[in-house]
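A.B. asks: Next comes input-v9.pdb, PDB, C-alpha atoms:
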ATOM      1  CA  MET A   1     -55.111  48.882  32.531
ATOM      2  CA  ASN A   2     -57.431  51.076  34.636
ATOM      3  CA  GLN A   3     -59.076  54.272  33.399
ATOM      4  CA  PRO A   4     -56.730  57.330  33.410
ATOM      5  CA  ASN A   5     -56.725  59.081  36.787
ATOM      6  CA  PRO A   6     -57.464  62.828  36.391
ATOM      7  CA  ASN A   7     -55.666  63.546  39.681
ATOM      8  CA  LEU A   8     -52.341  62.674  38.058
ATOM      9  CA  HIS A   9     -50.058  64.640  35.781
ATOM     10  CA  ASN A  10     -49.801  62.576  32.564
ATOM     11  CA  PRO A  11     -52.634  60.184  33.511
ATOM     12  CA  HIS A  12     -52.248  58.362  30.174
ATOM     13  CA  LEU A  13     -48.897  56.859  31.213
ATOM     14  CA  ASN A  14     -48.879  53.361  32.691
ATOM     15  CA  GLY A  15     -48.200  53.868  36.382
ATOM     16  CA  GLU A  16     -49.167  50.373  37.482
ATOM     17  CA  PRO A  17     -46.787  48.404  39.725
ATOM     18  CA  PHE A  18     -44.875  45.665  37.914
ATOM     19  CA  PHE A  19     -42.948  42.447  38.502
ATOM     20  CA  TRP A  20     -41.143  41.192  35.413
ATOM     21  CA  GLN A  21     -39.306  37.956  35.946
ATOM     22  CA  ALA A  22     -36.138  37.027  34.066
ATOM     23  CA  GLY A  23     -32.830  36.034  35.680
ATOM     24  CA  THR A  24     -31.655  35.242  39.193
ATOM     25  CA  ILE A  25     -30.479  38.807  39.869
ATOM     26  CA  GLY A  26     -33.388  40.974  40.943
ATOM     27  CA  ILE A  27     -33.667  44.757  41.141
ATOM     28  CA  LEU A  28     -36.228  46.365  43.430
ATOM     29  CA  MET A  29     -37.098  49.768  41.939
ATOM     30  CA  ILE A  30     -38.792  52.362  44.151
ATOM     31  CA  HIS A  31     -40.389  55.587  42.893
ATOM     32  CA  GLY A  32     -40.269  58.959  44.586
ATOM     33  CA  PHE A  33     -42.598  61.205  46.567
ATOM     34  CA  THR A  34     -45.902  62.025  44.783
ATOM     35  CA  ALA A  35     -44.839  59.873  41.785
ATOM     36  CA  THR A  36     -45.702  56.405  40.437
ATOM     37  CA  PRO A  37     -43.650  53.490  39.023
ATOM     38  CA  VAL A  38     -43.451  55.470  35.766
ATOM     39  CA  GLU A  39     -40.343  57.046  37.350
ATOM     40  CA  VAL A  40     -38.471  53.734  37.202
ATOM     41  CA  ARG A  41     -40.220  52.020  34.306
ATOM     42  CA  MET A  42     -37.886  53.346  31.584
ATOM     43  CA  VAL A  43     -34.841  51.906  33.357
ATOM     44  CA  ALA A  44     -36.709  48.656  33.991
ATOM     45  CA  GLU A  45     -37.507  48.393  30.277
ATOM     46  CA  ARG A  46     -33.790  48.653  29.529
ATOM     47  CA  LEU A  47     -32.547  46.224  32.192
ATOM     48  CA  HIS A  48     -35.214  43.515  32.017
ATOM     49  CA  PRO A  49     -34.260  42.403  28.457
ATOM     50  CA  ARG A  50     -30.677  42.111  29.717
ATOM     51  CA  GLY A  51     -31.776  39.273  31.991
ATOM     52  CA  TYR A  52     -32.643  41.038  35.238
ATOM     53  CA  THR A  53     -35.821  40.419  37.190
ATOM     54  CA  VAL A  54     -37.292  43.846  37.982
ATOM     55  CA  ALA A  55     -40.032  44.839  40.397
ATOM     56  CA  ALA A  56     -41.590  48.194  41.278
ATOM     57  CA  PRO A  57     -44.378  48.636  43.837
ATOM     58  CA  LEU A  58     -46.809  51.555  43.994
ATOM     59  CA  LEU A  59     -46.192  53.115  47.401
ATOM     60  CA  PRO A  60     -49.161  53.841  49.720
ATOM     61  CA  GLY A  61     -50.755  57.258  49.213
ATOM     62  CA  HIS A  62     -49.557  57.447  45.601
ATOM     63  CA  GLY A  63     -51.332  57.075  42.279
ATOM     64  CA  THR A  64     -54.785  57.860  43.673
ATOM     65  CA  HIS A  65     -55.539  61.331  45.103
ATOM     66  CA  PRO A  66     -53.165  63.826  46.787
ATOM     67  CA  ASP A  67     -55.222  63.701  49.990
ATOM     68  CA  ASP A  68     -54.288  60.036  50.363
ATOM     69  CA  LEU A  69     -50.642  60.997  50.760
ATOM     70  CA  ASN A  70     -51.631  63.056  53.809
ATOM     71  CA  ARG A  71     -53.037  59.925  55.458
ATOM     72  CA  VAL A  72     -49.983  57.659  55.412
ATOM     73  CA  ARG A  73     -46.748  57.439  57.381
ATOM     74  CA  TRP A  74     -43.243  56.806  56.111
ATOM     75  CA  GLN A  75     -43.413  53.347  57.694
ATOM     76  CA  ASP A  76     -46.159  52.490  55.189
ATOM     77  CA  TRP A  77     -43.787  53.195  52.280
ATOM     78  CA  VAL A  78     -41.121  50.986  53.825
ATOM     79  CA  ALA A  79     -43.605  48.177  54.485
ATOM     80  CA  LYS A  80     -44.757  48.132  50.862
ATOM     81  CA  ALA A  81     -41.179  48.039  49.570
ATOM     82  CA  GLU A  82     -40.368  45.294  52.077
ATOM     83  CA  GLU A  83     -43.236  43.254  50.650
ATOM     84  CA  SER A  84     -41.750  43.523  47.152
ATOM     85  CA  TYR A  85     -38.290  42.683  48.493
ATOM     86  CA  GLN A  86     -39.596  39.463  50.024
ATOM     87  CA  GLN A  87     -41.373  38.620  46.758
ATOM     88  CA  LEU A  88     -38.101  39.030  44.854
ATOM     89  CA  LYS A  89     -36.300  36.818  47.358
ATOM     90  CA  GLN A  90     -38.575  33.942  46.378
ATOM     91  CA  THR A  91     -37.226  33.898  42.812
ATOM     92  CA  CYS A  92     -33.843  35.654  42.874
ATOM     93  CA  GLN A  93     -30.462  34.697  44.294
ATOM     94  CA  LYS A  94     -29.257  38.299  44.534
ATOM     95  CA  ILE A  95     -31.202  41.512  44.987
ATOM     96  CA  TYR A  96     -30.175  45.116  44.341
ATOM     97  CA  LEU A  97     -32.112  48.076  45.741
ATOM     98  CA  LEU A  98     -32.720  51.047  43.466
ATOM     99  CA  GLY A  99     -34.660  54.167  44.357
ATOM    100  CA  GLU A 100     -35.382  57.595  42.921
ATOM    101  CA  SER A 101     -35.533  60.618  45.279
ATOM    102  CA  MET A 102     -37.680  59.576  48.261
ATOM    103  CA  GLY A 103     -37.560  56.059  46.826
ATOM    104  CA  ALA A 104     -33.784  56.218  47.265
ATOM    105  CA  LEU A 105     -34.378  56.782  50.985
ATOM    106  CA  VAL A 106     -36.525  53.646  51.047
ATOM    107  CA  ALA A 107     -33.728  51.752  49.269
ATOM    108  CA  LEU A 108     -31.159  53.026  51.802
ATOM    109  CA  TYR A 109     -33.418  52.069  54.700
ATOM    110  CA  LEU A 110     -33.885  48.552  53.333
ATOM    111  CA  ALA A 111     -30.136  48.222  52.782
ATOM    112  CA  ALA A 112     -29.610  48.954  56.481
ATOM    113  CA  GLU A 113     -32.287  46.403  57.345
ATOM    114  CA  HIS A 114     -31.159  43.646  54.969
ATOM    115  CA  ARG A 115     -27.455  43.002  54.839
ATOM    116  CA  ASP A 116     -28.196  40.146  52.453
ATOM    117  CA  ALA A 117     -29.059  42.730  49.782
ATOM    118  CA  GLU A 118     -26.204  42.902  47.268
ATOM    119  CA  GLY A 119     -26.039  46.646  46.748
ATOM    120  CA  VAL A 120     -27.954  49.914  46.607
ATOM    121  CA  ILE A 121     -28.382  52.495  43.846
ATOM    122  CA  ALA A 122     -29.602  55.880  45.107
ATOM    123  CA  SER A 123     -30.734  58.256  42.349
ATOM    124  CA  ALA A 124     -31.086  61.866  43.570
ATOM    125  CA  PRO A 125     -31.584  60.721  47.184
ATOM    126  CA  ALA A 126     -33.937  63.138  48.946
ATOM    127  CA  ILE A 127     -32.157  63.158  52.307
ATOM    128  CA  ARG A 128     -31.655  66.946  52.056
ATOM    129  CA  LEU A 129     -33.905  69.237  50.014
ATOM    130  CA  GLN A 130     -33.315  72.699  48.607
ATOM    131  CA  ILE A 131     -35.666  74.288  51.116
ATOM    132  CA  SER A 132     -34.866  76.973  53.657
ATOM    133  CA  PRO A 133     -35.011  76.284  57.424
ATOM    134  CA  VAL A 134     -37.731  78.925  57.715
ATOM    135  CA  GLN A 135     -39.907  77.212  55.092
ATOM    136  CA  LYS A 136     -39.362  73.862  56.755
ATOM    137  CA  ALA A 137     -40.217  75.200  60.211
ATOM    138  CA  ALA A 138     -43.414  76.841  58.924
ATOM    139  CA  LEU A 139     -44.732  73.677  57.300
ATOM    140  CA  PRO A 140     -46.560  72.172  60.315
ATOM    141  CA  LEU A 141     -48.456  75.433  60.832
ATOM    142  CA  ILE A 142     -49.323  75.830  57.141
ATOM    143  CA  SER A 143     -50.549  72.228  57.003
ATOM    144  CA  LEU A 144     -53.224  73.090  59.567
ATOM    145  CA  PHE A 145     -54.863  75.363  56.993
ATOM    146  CA  ARG A 146     -53.870  73.847  53.642
ATOM    147  CA  ALA A 147     -53.815  70.235  52.504
ATOM    148  CA  SER A 148     -51.262  70.819  49.751
ATOM    149  CA  MET A 149     -49.159  73.343  47.868
ATOM    150  CA  PRO A 150     -48.676  73.539  44.090
ATOM    151  CA  LYS A 151     -45.290  72.470  42.770
ATOM    152  CA  GLY A 152     -43.069  75.070  41.184
ATOM    153  CA  GLY A 153     -42.303  72.798  38.247
ATOM    154  CA  LEU A 154     -41.947  69.214  37.149
ATOM    155  CA  ASP A 155     -38.620  67.798  35.928
ATOM    156  CA  ALA A 156     -38.824  65.741  32.710
ATOM    157  CA  SER A 157     -42.563  66.434  32.922
ATOM    158  CA  SER A 158     -43.540  64.743  29.647
ATOM    159  CA  ASN A 159     -42.221  61.421  30.993
ATOM    160  CA  TRP A 160     -43.268  61.889  34.625
ATOM    161  CA  GLN A 161     -46.495  60.843  36.305
ATOM    162  CA  GLY A 162     -47.768  61.873  39.717
ATOM    163  CA  TYR A 163     -49.437  64.611  41.714
ATOM    164  CA  SER A 164     -48.856  68.203  40.619
ATOM    165  CA  VAL A 165     -49.068  69.329  44.261
ATOM    166  CA  ASN A 166     -47.131  68.486  47.423
ATOM    167  CA  PRO A 167     -49.475  67.164  50.143
ATOM    168  CA  LEU A 168     -48.147  68.939  53.236
ATOM    169  CA  LYS A 169     -48.663  66.270  55.893
ATOM    170  CA  GLY A 170     -47.020  63.842  53.493
ATOM    171  CA  VAL A 171     -44.056  66.221  53.214
ATOM    172  CA  GLN A 172     -43.759  66.193  57.002
ATOM    173  CA  GLN A 173     -43.580  62.400  56.881
ATOM    174  CA  LEU A 174     -40.790  62.734  54.333
ATOM    175  CA  PHE A 175     -38.899  64.991  56.768
ATOM    176  CA  HIS A 176     -39.312  62.421  59.557
ATOM    177  CA  PHE A 177     -38.092  59.733  57.170
ATOM    178  CA  GLN A 178     -35.009  61.774  56.267
ATOM    179  CA  LYS A 179     -33.953  61.811  59.925
ATOM    180  CA  GLU A 180     -34.503  58.087  60.318
ATOM    181  CA  VAL A 181     -32.514  57.213  57.203
ATOM    182  CA  GLU A 182     -29.694  59.571  58.183
ATOM    183  CA  ARG A 183     -29.472  57.843  61.557
ATOM    184  CA  ARG A 184     -29.154  54.456  59.886
ATOM    185  CA  LEU A 185     -26.608  55.324  57.193
ATOM    186  CA  PRO A 186     -23.654  53.868  59.163
ATOM    187  CA  GLU A 187     -25.457  50.497  59.152
ATOM    188  CA  ILE A 188     -25.167  50.267  55.350
ATOM    189  CA  VAL A 189     -22.242  48.039  54.372
ATOM    190  CA  GLN A 190     -23.159  47.044  50.813
ATOM    191  CA  PRO A 191     -21.668  48.563  47.655
ATOM    192  CA  ILE A 192     -23.452  51.836  46.921
ATOM    193  CA  LEU A 193     -23.841  53.942  43.794
ATOM    194  CA  VAL A 194     -25.270  57.465  44.019
ATOM    195  CA  LEU A 195     -26.544  59.189  40.864
ATOM    196  CA  MET A 196     -26.950  62.972  40.754
ATOM    197  CA  GLY A 197     -28.254  65.325  38.066
ATOM    198  CA  ARG A 198     -26.360  68.558  37.532
ATOM    199  CA  TYR A 199     -29.637  70.472  36.970
ATOM    200  CA  ASP A 200     -31.418  69.039  40.003
ATOM    201  CA  THR A 201     -33.299  71.823  41.799
ATOM    202  CA  THR A 202     -35.020  69.506  44.293
ATOM    203  CA  VAL A 203     -32.287  67.886  46.387
ATOM    204  CA  HIS A 204     -29.262  69.624  47.842
ATOM    205  CA  PRO A 205     -26.203  69.204  45.582
ATOM    206  CA  GLU A 206     -24.111  67.879  48.497
ATOM    207  CA  VAL A 207     -26.370  64.909  49.309
ATOM    208  CA  GLY A 208     -24.220  62.453  47.367
ATOM    209  CA  ARG A 209     -21.099  63.307  49.334
ATOM    210  CA  PHE A 210     -23.149  63.522  52.546
ATOM    211  CA  ILE A 211     -24.367  59.932  52.168
ATOM    212  CA  LEU A 212     -21.079  58.422  51.026
ATOM    213  CA  GLU A 213     -19.231  59.957  53.975
ATOM    214  CA  ARG A 214     -21.605  58.294  56.431
ATOM    215  CA  VAL A 215     -22.211  54.792  55.076
ATOM    216  CA  SER A 216     -19.880  51.963  56.107
ATOM    217  CA  SER A 217     -19.639  50.574  52.582
ATOM    218  CA  PRO A 218     -16.081  49.841  51.392
ATOM    219  CA  CYS A 219     -17.249  50.176  47.773
ATOM    220  CA  LYS A 220     -18.985  53.485  47.035
ATOM    221  CA  SER A 221     -19.187  55.845  44.099
ATOM    222  CA  LEU A 222     -20.898  59.051  43.004
ATOM    223  CA  VAL A 223     -21.753  59.709  39.348
ATOM    224  CA  TRP A 224     -22.930  63.069  38.016
ATOM    225  CA  PHE A 225     -25.170  63.372  34.955
ATOM    226  CA  GLU A 226     -24.319  66.671  33.338
ATOM    227  CA  ASN A 227     -27.536  67.107  31.335
ATOM    228  CA  SER A 228     -30.143  65.747  33.771
ATOM    229  CA  GLY A 229     -32.469  67.263  36.333
ATOM    230  CA  HIS A 230     -33.913  65.636  39.434
ATOM    231  CA  VAL A 231     -35.513  62.568  37.874
ATOM    232  CA  ILE A 232     -32.460  61.152  36.102
ATOM    233  CA  LEU A 233     -34.165  57.841  35.373
ATOM    234  CA  ILE A 234     -36.644  59.431  32.953
ATOM    235  CA  ASP A 235     -34.467  62.279  31.704
ATOM    236  CA  GLN A 236     -32.418  62.533  28.518
ATOM    237  CA  GLU A 237     -29.505  60.507  29.947
ATOM    238  CA  VAL A 238     -31.619  57.503  30.933
ATOM    239  CA  ASP A 239     -29.701  55.184  28.586
ATOM    240  CA  THR A 240     -26.394  56.189  30.162
ATOM    241  CA  ALA A 241     -27.914  55.778  33.631
ATOM    242  CA  ALA A 242     -29.138  52.265  32.789
ATOM    243  CA  GLU A 243     -25.683  51.339  31.489
ATOM    244  CA  ARG A 244     -24.016  52.678  34.622
ATOM    245  CA  ILE A 245     -26.444  50.792  36.854
ATOM    246  CA  GLU A 246     -25.799  47.565  34.962
ATOM    247  CA  ARG A 247     -22.043  48.063  35.221
ATOM    248  CA  PHE A 248     -22.367  48.584  38.979
ATOM    249  CA  ILE A 249     -24.323  45.330  39.286
ATOM    250  CA  GLU A 250     -21.845  43.421  37.127
ATOM    251  CA  GLU A 251     -18.884  44.737  39.116
ATOM    252  CA  ASN A 252     -20.450  43.660  42.394
ATOM    253  CA  SER A 253     -21.914  40.305  41.377
ATOM    254  CA  ASN A 254     -19.339  37.526  41.485
ATOM    255  CA  ASP A 255     -20.965  35.643  38.657
ATOM    256  CA  GLY A 256     -21.150  38.676  36.312
ATOM    257  CA  MET A 257     -24.140  38.598  33.998
ATOM    258  CA  PRO A 258     -27.436  37.277  35.383
ATOM    259  CA  ALA A 259     -28.245  33.660  34.802
ATOM    260  CA  LEU A 260     -31.447  33.255  32.838
ATOM    261  CA  LEU A 261     -34.051  30.974  34.338
ATOM    262  CA  SER A 262     -34.941  27.968  32.242
TER
END
Would you mind giving the structure from this file in structure tokens?
C.D. replies:
Amino acid sequence: MNQPNPNLHNPHLNGEPFFWQAGTIGILMIHGFTATPVEVRMVAERLHPRGYTVAAPLLPGHGTHPDDLNRVRWQDWVAKAEESYQQLKQTCQKIYLLGESMGALVALYLAAEHRDAEGVIASAPAIRLQISPVQKAALPLISLFRASMPKGGLDASSNWQGYSVNPLKGVQQLFHFQKEVERRLPEIVQPILVLMGRYDTTVHPEVGRFILERVSSPCKSLVWFENSGHVILIDQEVDTAAERIERFIEENSNDGMPALLS
């Protein structure tokens, strides 16, 4: 492991990308804006022993310095996730897409791109944020004078790793990405599971319904976690979330449990 990065909140946590092979059902796990694979590692540690191959890339602009997130475009995040998807395809018969927050947008985008993906799990999908139109409209102007803004708080902060600021040009890329994903929602036909935390102060509480009303999936469900904030996958209900994700995969995989590779 590399030396702890002082630019990150909780630099001692292992935020390296991972690819843990097991069975023929693979799960691509995508972290959120400003975060690292730590956001999805706890769920991966619960599902991998159950026979699932799990992979999580580190998205461009993340895990280094906040300024780097001001130098990338949303297409760079998609390209990195696409690379991991193709890697999983080499060893897995079925692939599920799982993302947290902005990572959920990447998962939704890939689902629209790849109809051969088996299903998509969107945890706190950041397609609408709890930000006023005035704040959003002022962002391009503010970004001319400031590279970033401090965050108001960090959900599940003892288990979370990432930047403690929001790089403003990166946020603008997130806004562009929201529009692109929204446009492509009707192209999603796979089974979809949306997870929402009741104490989420980051995404709009209606995003789950918003997405499910627009996708073309015949099989879709929304699950609320009554004691979780924004980052459900590292919050106190992570075990329940992992169980619900596994049940979703089992229900939508014809052969049930993953077949272990010999």
A.B. asks: Check what the PyMOL selection byres ((chain A and resi 25) around 6) selects in the file above and give those residues as a ChimeraX atom specification.
C.D. replies: /A:23-24,26,52,92,94-95,258
A.B. asks: Write out the residues from the selection above, keeping C-alpha atoms, as a PDB file, in the coordinates of the input.
C.D. replies:
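Once written, out.pdb looks like this:
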ATOM      1  CA  GLY A  23     -32.830  36.034  35.680  1.00  0.00           C
ATOM      2  CA  THR A  24     -31.655  35.242  39.193  1.00  0.00           C
ATOM      3  CA  GLY A  26     -33.388  40.974  40.943  1.00  0.00           C
ATOM      4  CA  TYR A  52     -32.643  41.038  35.238  1.00  0.00           C
ATOM      5  CA  CYS A  92     -33.843  35.654  42.874  1.00  0.00           C
ATOM      6  CA  LYS A  94     -29.257  38.299  44.534  1.00  0.00           C
ATOM      7  CA  ILE A  95     -31.202  41.512  44.987  1.00  0.00           C
ATOM      8  CA  PRO A 258     -27.436  37.277  35.383  1.00  0.00           C
TER       9      PRO A 258
END
A.B. asks: Quick check on the file I pasted: which residues fall under the PyMOL selection byres ((chain A and resi 196-209) around 12)? Write them as a JSON list (two decimals) with C-alpha atoms, in the coordinates of the input.
C.D. replies:
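New file selection_11.json:
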[["chain", "number", "residue", "atom", "x", "y", "z"],
["A", 32, "GLY", "CA", -40.27, 58.96, 44.59],
["A", 33, "PHE", "CA", -42.60, 61.20, 46.57],
["A", 100, "GLU", "CA", -35.38, 57.60, 42.92],
["A", 101, "SER", "CA", -35.53, 60.62, 45.28],
["A", 102, "MET", "CA", -37.68, 59.58, 48.26],
["A", 104, "ALA", "CA", -33.78, 56.22, 47.26],
["A", 105, "LEU", "CA", -34.38, 56.78, 50.98],
["A", 121, "ILE", "CA", -28.38, 52.50, 43.85],
["A", 122, "ALA", "CA", -29.60, 55.88, 45.11],
["A", 123, "SER", "CA", -30.73, 58.26, 42.35],
["A", 124, "ALA", "CA", -31.09, 61.87, 43.57],
["A", 125, "PRO", "CA", -31.58, 60.72, 47.18],
["A", 126, "ALA", "CA", -33.94, 63.14, 48.95],
["A", 127, "ILE", "CA", -32.16, 63.16, 52.31],
["A", 128, "ARG", "CA", -31.66, 66.95, 52.06],
["A", 129, "LEU", "CA", -33.90, 69.24, 50.01],
["A", 130, "GLN", "CA", -33.32, 72.70, 48.61],
["A", 131, "ILE", "CA", -35.67, 74.29, 51.12],
["A", 132, "SER", "CA", -34.87, 76.97, 53.66],
["A", 151, "LYS", "CA", -45.29, 72.47, 42.77],
["A", 152, "GLY", "CA", -43.07, 75.07, 41.18],
["A", 153, "GLY", "CA", -42.30, 72.80, 38.25],
["A", 154, "LEU", "CA", -41.95, 69.21, 37.15],
["A", 155, "ASP", "CA", -38.62, 67.80, 35.93],
["A", 156, "ALA", "CA", -38.82, 65.74, 32.71],
["A", 178, "GLN", "CA", -35.01, 61.77, 56.27],
["A", 182, "GLU", "CA", -29.69, 59.57, 58.18],
["A", 192, "ILE", "CA", -23.45, 51.84, 46.92],
["A", 193, "LEU", "CA", -23.84, 53.94, 43.79],
["A", 194, "VAL", "CA", -25.27, 57.46, 44.02],
["A", 195, "LEU", "CA", -26.54, 59.19, 40.86],
["A", 210, "PHE", "CA", -23.15, 63.52, 52.55],
["A", 211, "ILE", "CA", -24.37, 59.93, 52.17],
["A", 212, "LEU", "CA", -21.08, 58.42, 51.03],
["A", 213, "GLU", "CA", -19.23, 59.96, 53.98],
["A", 214, "ARG", "CA", -21.60, 58.29, 56.43],
["A", 215, "VAL", "CA", -22.21, 54.79, 55.08],
["A", 220, "LYS", "CA", -18.98, 53.48, 47.04],
["A", 221, "SER", "CA", -19.19, 55.84, 44.10],
["A", 222, "LEU", "CA", -20.90, 59.05, 43.00],
["A", 223, "VAL", "CA", -21.75, 59.71, 39.35],
["A", 224, "TRP", "CA", -22.93, 63.07, 38.02],
["A", 225, "PHE", "CA", -25.17, 63.37, 34.96],
["A", 226, "GLU", "CA", -24.32, 66.67, 33.34],
["A", 227, "ASN", "CA", -27.54, 67.11, 31.34],
["A", 228, "SER", "CA", -30.14, 65.75, 33.77],
["A", 229, "GLY", "CA", -32.47, 67.26, 36.33],
["A", 230, "HIS", "CA", -33.91, 65.64, 39.43],
["A", 231, "VAL", "CA", -35.51, 62.57, 37.87],
["A", 232, "ILE", "CA", -32.46, 61.15, 36.10],
["A", 233, "LEU", "CA", -34.16, 57.84, 35.37],
["A", 234, "ILE", "CA", -36.64, 59.43, 32.95],
["A", 235, "ASP", "CA", -34.47, 62.28, 31.70],
["A", 236, "GLN", "CA", -32.42, 62.53, 28.52],
["A", 237, "GLU", "CA", -29.50, 60.51, 29.95],
["A", 238, "VAL", "CA", -31.62, 57.50, 30.93],
["A", 241, "ALA", "CA", -27.91, 55.78, 33.63]]
A.B. asks: Residues within 9 Å of Asp239 of chain A, please, as a ChimeraX atom specification. Count all atoms listed in the file; anything in the same chain fewer than 6 positions from it doesn't count.
C.D. replies: /A:42-43,46,233
A.B. asks: Applying the PyMOL selection byres ((chain A and resi 17) around 7) to the file I just gave you, which residues come out? Please list them as a ChimeraX atom specification.
C.D. replies: /A:15-16,18,37,56-58
A.B. asks: For Pro191 of chain A, which residue out of A:Gln173, A:Asn252, A:Gln135, A:Ser148 is the nearest one, using all atoms listed in the file?
C.D. replies: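 With all atoms listed in the file as the atom set, the closest residue is A:Asn252.
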A.B. asks: So that I can see what lies close to Gln172 of chain A, please list as a count of residues only the residues with an atom at most 10 Å from it, counting only C-alpha atoms and leaving out residues fewer than 5 positions away in the same chain.
C.D. replies: 10
A.B. asks: Pick out the closest residue to Leu110 of chain A from this set: A:Glu246, A:Ser216, A:Gly63, A:Gln190. Count all atoms listed in the file.
C.D. replies: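 That would be A:Gln190, the residue with the smallest distance to Leu110 of chain A.
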A.B. asks: When distances are computed from only C-alpha atoms, which of A:His65, A:Pro11, A:Tyr96, A:Gly162 shows the smallest separation from Arg115 of chain A?
C.D. replies: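 Of the candidates, the smallest distance to Arg115 of chain A is held by A:Tyr96.
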A.B. asks: So, with only C-alpha atoms as the atoms that count, which of A:Arg247, A:His114, A:Arg71, A:Arg184 lies closest to Lys169 of chain A?
C.D. replies: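 Smallest distance to Lys169 of chain A is found for A:Arg71.
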A.B. asks: Just give me the gap between atom CA of Gln3 of chain A and atom CA of Leu28 of chain A in Å, one decimal is fine.
C.D. replies: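 Interatomic distance, atom CA of Gln3 of chain A to atom CA of Leu28 of chain A: 26.2 Å.
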A.B. asks: Which residue is closest to Lys179 of chain A? Choose from A:Ala44, A:Asp116, A:Tyr109, A:Glu243 and count all atoms listed in the file.
C.D. replies: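 Going through A:Ala44, A:Asp116, A:Tyr109, A:Glu243 one by one, the smallest distance to Lys179 of chain A is for A:Tyr109.
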A.B. asks: Report, in Å with one decimal, the straight-line distance from atom CA of Leu108 of chain A to atom CA of Leu185 of chain A.
C.D. replies: 7.4 Å
A.B. asks: Using only C-alpha atoms, find the one residue out of A:Ala117, A:Val181, A:Val106, A:Ala35 that sits nearest to Leu69 of chain A.
C.D. replies: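 For Leu69 of chain A, the nearest of the candidates is A:Ala35.
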A.B. asks: Rounded to one decimal, what separation in Å do you get between atom CA of Leu47 of chain A and atom CA of Leu97 of chain A?
C.D. replies: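 Atom CA of Leu97 of chain A lies 13.7 Å from atom CA of Leu47 of chain A.
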A.B. asks: Each side padded by 3 Å, which centre and which edge lengths in Å (one decimal) define the axis-aligned box around the listed atoms of segment 242-251 of chain A? Give them as AutoDock Vina command-line options.
C.D. replies:
--center_x -24.0 --center_y 48.0 --center_z 35.4 --size_x 16.3 --size_y 15.3 --size_z 13.8
